[in-house]
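A.B. asks: Before we start, here is the structure in question, set down as structure tokens.
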2 protein chains.
Amino acid sequence: MTVKQLSLPELAAACGELGVPGVGLWREPVRAYGLDATAELVRAAGLTVTTLCRGGFLTAVDPGERAAALADNRRAVEEAATLGTDTLVLVSGGLPAGSRDLHGARERIADALGELGPYAERHGVRLAVEPLHPMYAADRCVVSTLTQALDLAERFPAHQVGVAVDTYHLWWDDRAPAQIARAGAGGRIHTFQLADWTTPLPAGVLDGRGQLGDGAVDLREWRGYVEAAGYTGPIEVELFNEGLWARDGHEVLKETAMRFVEHVID
Amino acid sequence: MTVKQLSLPELAAACGELGVPGVGLWREPVRAYGLDATAELVRAAGLTVTTLCRGGFLTAVDPGERAAALADNRRAVEEAATLGTDTLVLVSGGLPAGSRDLHGARERIADALGELGPYAERHGVRLAVEPLHPMYAADRCVVSTLTQALDLAERFPAHQVGVAVDTYHLWWDDRAPAQIARAGAGGRIHTFQLADWTTPLPAGVLDGRGQLGDGAVDLREWRGYVEAAGYTGPIEVELFNEGLWARDGHEVLKETAMRFVEHVID
């Protein structure tokens with residue numbers, strides 16, 4: 001999504017040129033290009049699919065909506081397996097219309113994880129519950145902290161349910177480093193994602209994620225937290241940013257790779 | 001600020017008509033009307049000044065900026081005393097330009113509280129550290145949770161430093177109710193403020209606070225938390241909302257009072 005202006009073949013080629021070994025994919029562009037065609041494309045390019053984004057939205061009370069959400073998540077699991085990734089990232093969902101019950105919504109997520117976890121395991125896929133920044137708690141994700149995500153995940157085996165650690169969502173939380181250690185000790189860091197925090201936030205607060213190095217997050221420090229917790233998996237960069245999307249995709253991908261080296265690795 | 005379109009005399013008169021017994025004031029309109037004139041106005045109207053907003057912005061590293069901030073906060077203390085309120089609300093400040101050190105910024109706030117607390121006490125004023133929603137952590141307030149605010153406040157006597165509990169900033173946090181109990185046990189709930197959480201958020205995320213009852217917050221539940229913690233002080237309604245500001249101020253004040261009865265009291 002960082003360079004959604006690139007087609008999937010352009011993305012695969014550009015990753016190859018830059019030496020980017022893996023890519024996290026979103027379901028919408030995969031569906032548009034074709035699931036099997038995408039799987040073939042990334043395989044031919046030698047690219048690892050690090051994660052598939054995203055399942056989730058598991059907070060509905062209405063039985064019909066709930067059944068539809070579970071069915072959609074089972075499809076997402078199957079898509080992840082077809083793409084060859086072992087990780088499906090979940091954005092849990094916000095409050096149903098008119099509801100003020102955060103606790104109840106979180107419990108419905110737990111119920112859904114209990115149904116989806118074994119299904120995912122049978123397909124060789126792990127679910128990664130992603131805590132989203134508290135500014136999304138009402139309309140997108142009632143799981144706002146890594147603590148809450150782990151409280152949910154730990155009800156299930158780690159090879160079924162873990163967490164996604166994303167600096168954009170967690171950087172403000174002084175409790176998050178200890179929770180990363182907790183997640184690592186349990187083998188539950190299923191992916192690690194980077195974005196920087198820049199202000200002012202845009203209307204709707206969805207597309208204001210900062211290019212690495214442009215904002216308030218000490219990205220190297222957060223890399224240190226996950227590595228100290230034993231994480232050795234891929235590091236994803238996930239930038240939703242209108243400004244980046246308006247630019248040439250190759251240029252943005254190259255800039256992102258260079259920023260990654262400068263602000264995360266070196 | 002909920003009805004900043006009203007002049008202070010209009011506000012005082014409207015509060016009298018509606019039976020609103022107290023009002024929280026902001027420094028800017030007080031300064032514009034005149035400090036002594038405002039004090040006289042509210043006294044003549046029989047209005048209690050519940051709090052003065054706001055001091056704070058105590059995170060500067062530069063010695064000159066820091067000295068200026070402390071001097072401004074001492075003036076705010078004096079203004080609070082002149083207005084007859086015992087509570088000055090503090091918005092602690094964000095990260096200095098280019099800094100990524102949240103911990104260091106919080107420590108500088110603690111240092112400043114150590115200087116300002118005794119000064120405030122000599123003027124009969126208490127400081128209320130207000131945790132702001134994590135979406136303001138970079139540019140406005142590095143104190144994002146009630147836990148952090150209490151960790152700061154508890155380094156000082158409760159009659160010098162306490163906290164402001166504001167539903168807009170805390171509603172998403174499942175740890176906040178226990179922290180309200182902690183604050184109440186220590187006599188540190190220095191004010192209780194209400195706003196509802198509505199989406200989508202506007203650009204800059206400053207002026208999107210929802211009218212009571214319009215959003216995701218169970219306001220009655222939060223009133224229950226502070227009352228269970230022993231709080232018997234005033235309940236303030238603080239709505240920064242472009243839509244409300246564009247309407248007739250008397251109408252908005254009346255609506256707010258009715259919403260308060262419907263969603264908080266009854």
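Within each chain, counting starts at residue 1; across the structure tokens, chains are named A, B, ... in the order shown, with ligands numbered 1 upward in that order.
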Could you please select, counting only C-alpha atoms, the residues of chain A within 6 Å of chain B and state them as an MDAnalysis selection string?

C.D. replies: chainID A and resid 100 200:204 216:218

A.B. asks: Mind running a least-squares superposition of chain A onto chain B over all the C-alpha atoms, in order, and reading off the RMSD?

C.D. replies: 0.0 Å

A.B. asks: Using DSSP secondary structure from the backbone, list all strand (DSSP E) positions within range 30-211 of chain B, as number ranges by chain.

C.D. replies: B: 48-56, 87-91, 126-129, 161-166, 189-194, 196-197, 209-210

A.B. asks: Can you list, as JSON, numbers by chain, all residues belonging to range 151-186 of chain A that DSSP tags as alpha helix (DSSP H)?

C.D. replies: {"A": [151, 152, 153, 167, 168, 169, 170, 176, 177, 178, 179, 180, 181, 182, 183, 184, 185]}

A.B. asks: Put those residues in a file: N, CA, C and O atoms, as an mmCIF file, in the first residue's frame.

C.D. replies:
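Output saved as selection-v2.cif:
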```cif
data_model
loop_
_atom_site.group_PDB
_atom_site.id
_atom_site.type_symbol
_atom_site.label_atom_id
_atom_site.label_comp_id
_atom_site.auth_asym_id
_atom_site.auth_seq_id
_atom_site.Cartn_x
_atom_site.Cartn_y
_atom_site.Cartn_z
ATOM 1 N N ASP A 151 -3.782 -9.798 25.328
ATOM 2 C CA ASP A 151 -4.813 -10.403 26.177
ATOM 3 C C ASP A 151 -5.771 -11.248 25.337
ATOM 4 O O ASP A 151 -6.238 -12.305 25.784
ATOM 5 N N LEU A 152 -6.054 -10.788 24.137
ATOM 6 C CA LEU A 152 -6.892 -11.569 23.222
ATOM 7 C C LEU A 152 -6.125 -12.773 22.669
ATOM 8 O O LEU A 152 -6.600 -13.915 22.719
ATOM 9 N N ALA A 153 -4.936 -12.521 22.159
ATOM 10 C CA ALA A 153 -4.193 -13.577 21.462
ATOM 11 C C ALA A 153 -3.856 -14.736 22.388
ATOM 12 O O ALA A 153 -3.899 -15.913 21.981
ATOM 13 N N THR A 167 4.745 0.471 14.529
ATOM 14 C CA THR A 167 5.207 1.652 15.260
ATOM 15 C C THR A 167 4.215 2.808 15.180
ATOM 16 O O THR A 167 4.119 3.593 16.127
ATOM 17 N N TYR A 168 3.506 2.926 14.080
ATOM 18 C CA TYR A 168 2.568 4.057 13.956
ATOM 19 C C TYR A 168 1.512 4.009 15.050
ATOM 20 O O TYR A 168 1.103 5.047 15.567
ATOM 21 N N HIS A 169 1.094 2.810 15.395
ATOM 22 C CA HIS A 169 -0.003 2.662 16.356
ATOM 23 C C HIS A 169 0.471 2.662 17.808
ATOM 24 O O HIS A 169 -0.295 2.970 18.704
ATOM 25 N N LEU A 170 1.728 2.303 18.021
ATOM 26 C CA LEU A 170 2.198 2.035 19.383
ATOM 27 C C LEU A 170 3.219 3.028 19.918
ATOM 28 O O LEU A 170 3.533 3.006 21.110
ATOM 29 N N ALA A 176 4.319 -0.185 25.778
ATOM 30 C CA ALA A 176 4.464 -1.088 24.632
ATOM 31 C C ALA A 176 5.788 -1.865 24.622
ATOM 32 O O ALA A 176 5.786 -3.053 24.287
ATOM 33 N N PRO A 177 6.915 -1.245 24.979
ATOM 34 C CA PRO A 177 8.152 -2.041 24.952
ATOM 35 C C PRO A 177 8.080 -3.295 25.824
ATOM 36 O O PRO A 177 8.507 -4.379 25.390
ATOM 37 N N ALA A 178 7.518 -3.187 27.006
ATOM 38 C CA ALA A 178 7.381 -4.371 27.859
ATOM 39 C C ALA A 178 6.424 -5.387 27.242
ATOM 40 O O ALA A 178 6.599 -6.604 27.391
ATOM 41 N N GLN A 179 5.424 -4.890 26.541
ATOM 42 C CA GLN A 179 4.469 -5.797 25.902
ATOM 43 C C GLN A 179 5.094 -6.484 24.688
ATOM 44 O O GLN A 179 4.724 -7.609 24.344
ATOM 45 N N ILE A 180 6.025 -5.814 24.031
ATOM 46 C CA ILE A 180 6.754 -6.464 22.946
ATOM 47 C C ILE A 180 7.578 -7.631 23.504
ATOM 48 O O ILE A 180 7.613 -8.726 22.924
ATOM 49 N N ALA A 181 8.192 -7.405 24.659
ATOM 50 C CA ALA A 181 8.932 -8.501 25.299
ATOM 51 C C ALA A 181 7.991 -9.662 25.625
ATOM 52 O O ALA A 181 8.321 -10.835 25.396
ATOM 53 N N ARG A 182 6.818 -9.321 26.146
ATOM 54 C CA ARG A 182 5.811 -10.349 26.448
ATOM 55 C C ARG A 182 5.416 -11.109 25.174
ATOM 56 O O ARG A 182 5.350 -12.341 25.162
ATOM 57 N N ALA A 183 5.200 -10.367 24.114
ATOM 58 C CA ALA A 183 4.805 -10.998 22.852
ATOM 59 C C ALA A 183 5.915 -11.893 22.320
ATOM 60 O O ALA A 183 5.659 -13.014 21.851
ATOM 61 N N GLY A 184 7.137 -11.403 22.403
ATOM 62 C CA GLY A 184 8.256 -12.194 21.907
ATOM 63 C C GLY A 184 8.456 -13.468 22.710
ATOM 64 O O GLY A 184 8.689 -14.548 22.149
ATOM 65 N N ALA A 185 8.326 -13.356 24.029
ATOM 66 C CA ALA A 185 8.507 -14.534 24.889
ATOM 67 C C ALA A 185 7.489 -15.615 24.550
ATOM 68 O O ALA A 185 7.767 -16.812 24.686
#
```

A.B. asks: Using only C-alpha atoms, find the one residue out of A:Leu25, A:Leu244, A:Ala37, A:Leu146 that sits nearest to Ala76 in chain A.

C.D. replies: A:Leu25

A.B. asks: By how many Å are CA of Arg122 in chain A and CA of Ser92 in chain A apart?

C.D. replies: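 These atoms are spaced 21.3 Å apart.
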
A.B. asks: For Glu227 in chain A, which residue among A:Val42, A:Ala257, A:Ile189, A:Val125 is the nearest when counting only C-alpha atoms?

C.D. replies: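 Closest candidate: A:Ile189.
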
A.B. asks: Within 12 Å of range 68-72 of chain A, counting only C-alpha atoms, which residues qualify if same-chain residues fewer than 3 places away don't, as a PyMOL selection string?

C.D. replies: chain A and resi 27+54-65+75-79+90-93+108-109+111-117+119-120

A.B. asks: Excluding Cys15 in chain A and residues on its chain fewer than 6 positions from it, collect all residues at most 10 Å away from it, counting only C-alpha atoms, and give them as a PyMOL selection string.

C.D. replies: chain A and resi 9+21-23+45-47+250+253-254+257

A.B. asks: Can you spit out the residues from that selection as a compact mmCIF listing (two decimals), in the first residue's frame, using C-alpha atoms?

C.D. replies:
```txt
# COMPACT_ATOMS: atom_id res chain seq x y z
CA PRO A 9 3.93 -6.43 -11.86
CA PRO A 21 13.14 -9.43 -0.70
CA GLY A 22 9.52 -9.45 0.41
CA VAL A 23 6.27 -7.60 0.19
CA ALA A 45 9.81 -12.74 -9.06
CA GLY A 46 11.30 -14.63 -6.12
CA LEU A 47 9.43 -12.37 -3.71
CA HIS A 250 9.36 3.84 -8.26
CA LEU A 253 9.84 2.84 -3.25
CA LYS A 254 13.49 3.75 -3.73
CA ALA A 257 14.29 1.67 0.87
```

A.B. asks: Would you pick out the contacts of Ala128 in chain A at 8 Å or less, using only C-alpha atoms, so that residues sharing its chain but fewer than 3 positions from it are not included, and give the list as a ChimeraX atom specification?

C.D. replies: /A:87-90,161-164,189-191

A.B. asks: Env of Leu239 in chain B: 8 Å cut, atoms = only C-alpha atoms, seq-sep filter 2 positions within chain, self excluded. Answer as number ranges by chain.

C.D. replies: B: 1-2, 194-195, 207, 209-211, 237, 241

A.B. asks: For Glu255 in chain B, list every protein, DNA or RNA residue within 12 Å, evaluated using only C-alpha atoms, and leave out those in the same chain fewer than 4 positions away; present the list as a JSON list (two decimals) with C-alpha atoms, in the first residue's frame.

C.D. replies:
```json
[["chain", "number", "residue", "atom", "x", "y", "z"],
["B", 2, "THR", "CA", -17.93, 25.22, 24.13],
["B", 3, "VAL", "CA", -19.68, 28.47, 23.26],
["B", 18, "LEU", "CA", -30.11, 28.15, 32.45],
["B", 211, "GLN", "CA", -21.80, 17.04, 21.62],
["B", 212, "LEU", "CA", -22.80, 14.92, 24.60],
["B", 213, "GLY", "CA", -24.76, 11.91, 23.41],
["B", 237, "VAL", "CA", -18.36, 20.21, 29.38],
["B", 244, "LEU", "CA", -21.25, 24.06, 17.41],
["B", 247, "ARG", "CA", -24.44, 28.06, 15.59],
["B", 248, "ASP", "CA", -26.16, 30.50, 17.92],
["B", 249, "GLY", "CA", -24.30, 30.33, 21.23],
["B", 250, "HIS", "CA", -27.38, 30.54, 23.44],
["B", 251, "GLU", "CA", -28.93, 27.66, 21.55],
["B", 259, "ARG", "CA", -27.81, 16.86, 26.79],
["B", 260, "PHE", "CA", -26.00, 16.98, 30.12],
["B", 261, "VAL", "CA", -29.22, 16.17, 31.95],
["B", 262, "GLU", "CA", -30.16, 13.45, 29.46],
["B", 263, "HIS", "CA", -26.82, 11.68, 29.04]]
```

A.B. asks: Mind giving me the straight-line distance from CA of Phe156 in chain A to CA of Glu236 in chain A in Å, one decimal?

C.D. replies: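 Atom-to-atom, CA of Phe156 in chain A to CA of Glu236 in chain A, that is 24.8 Å.
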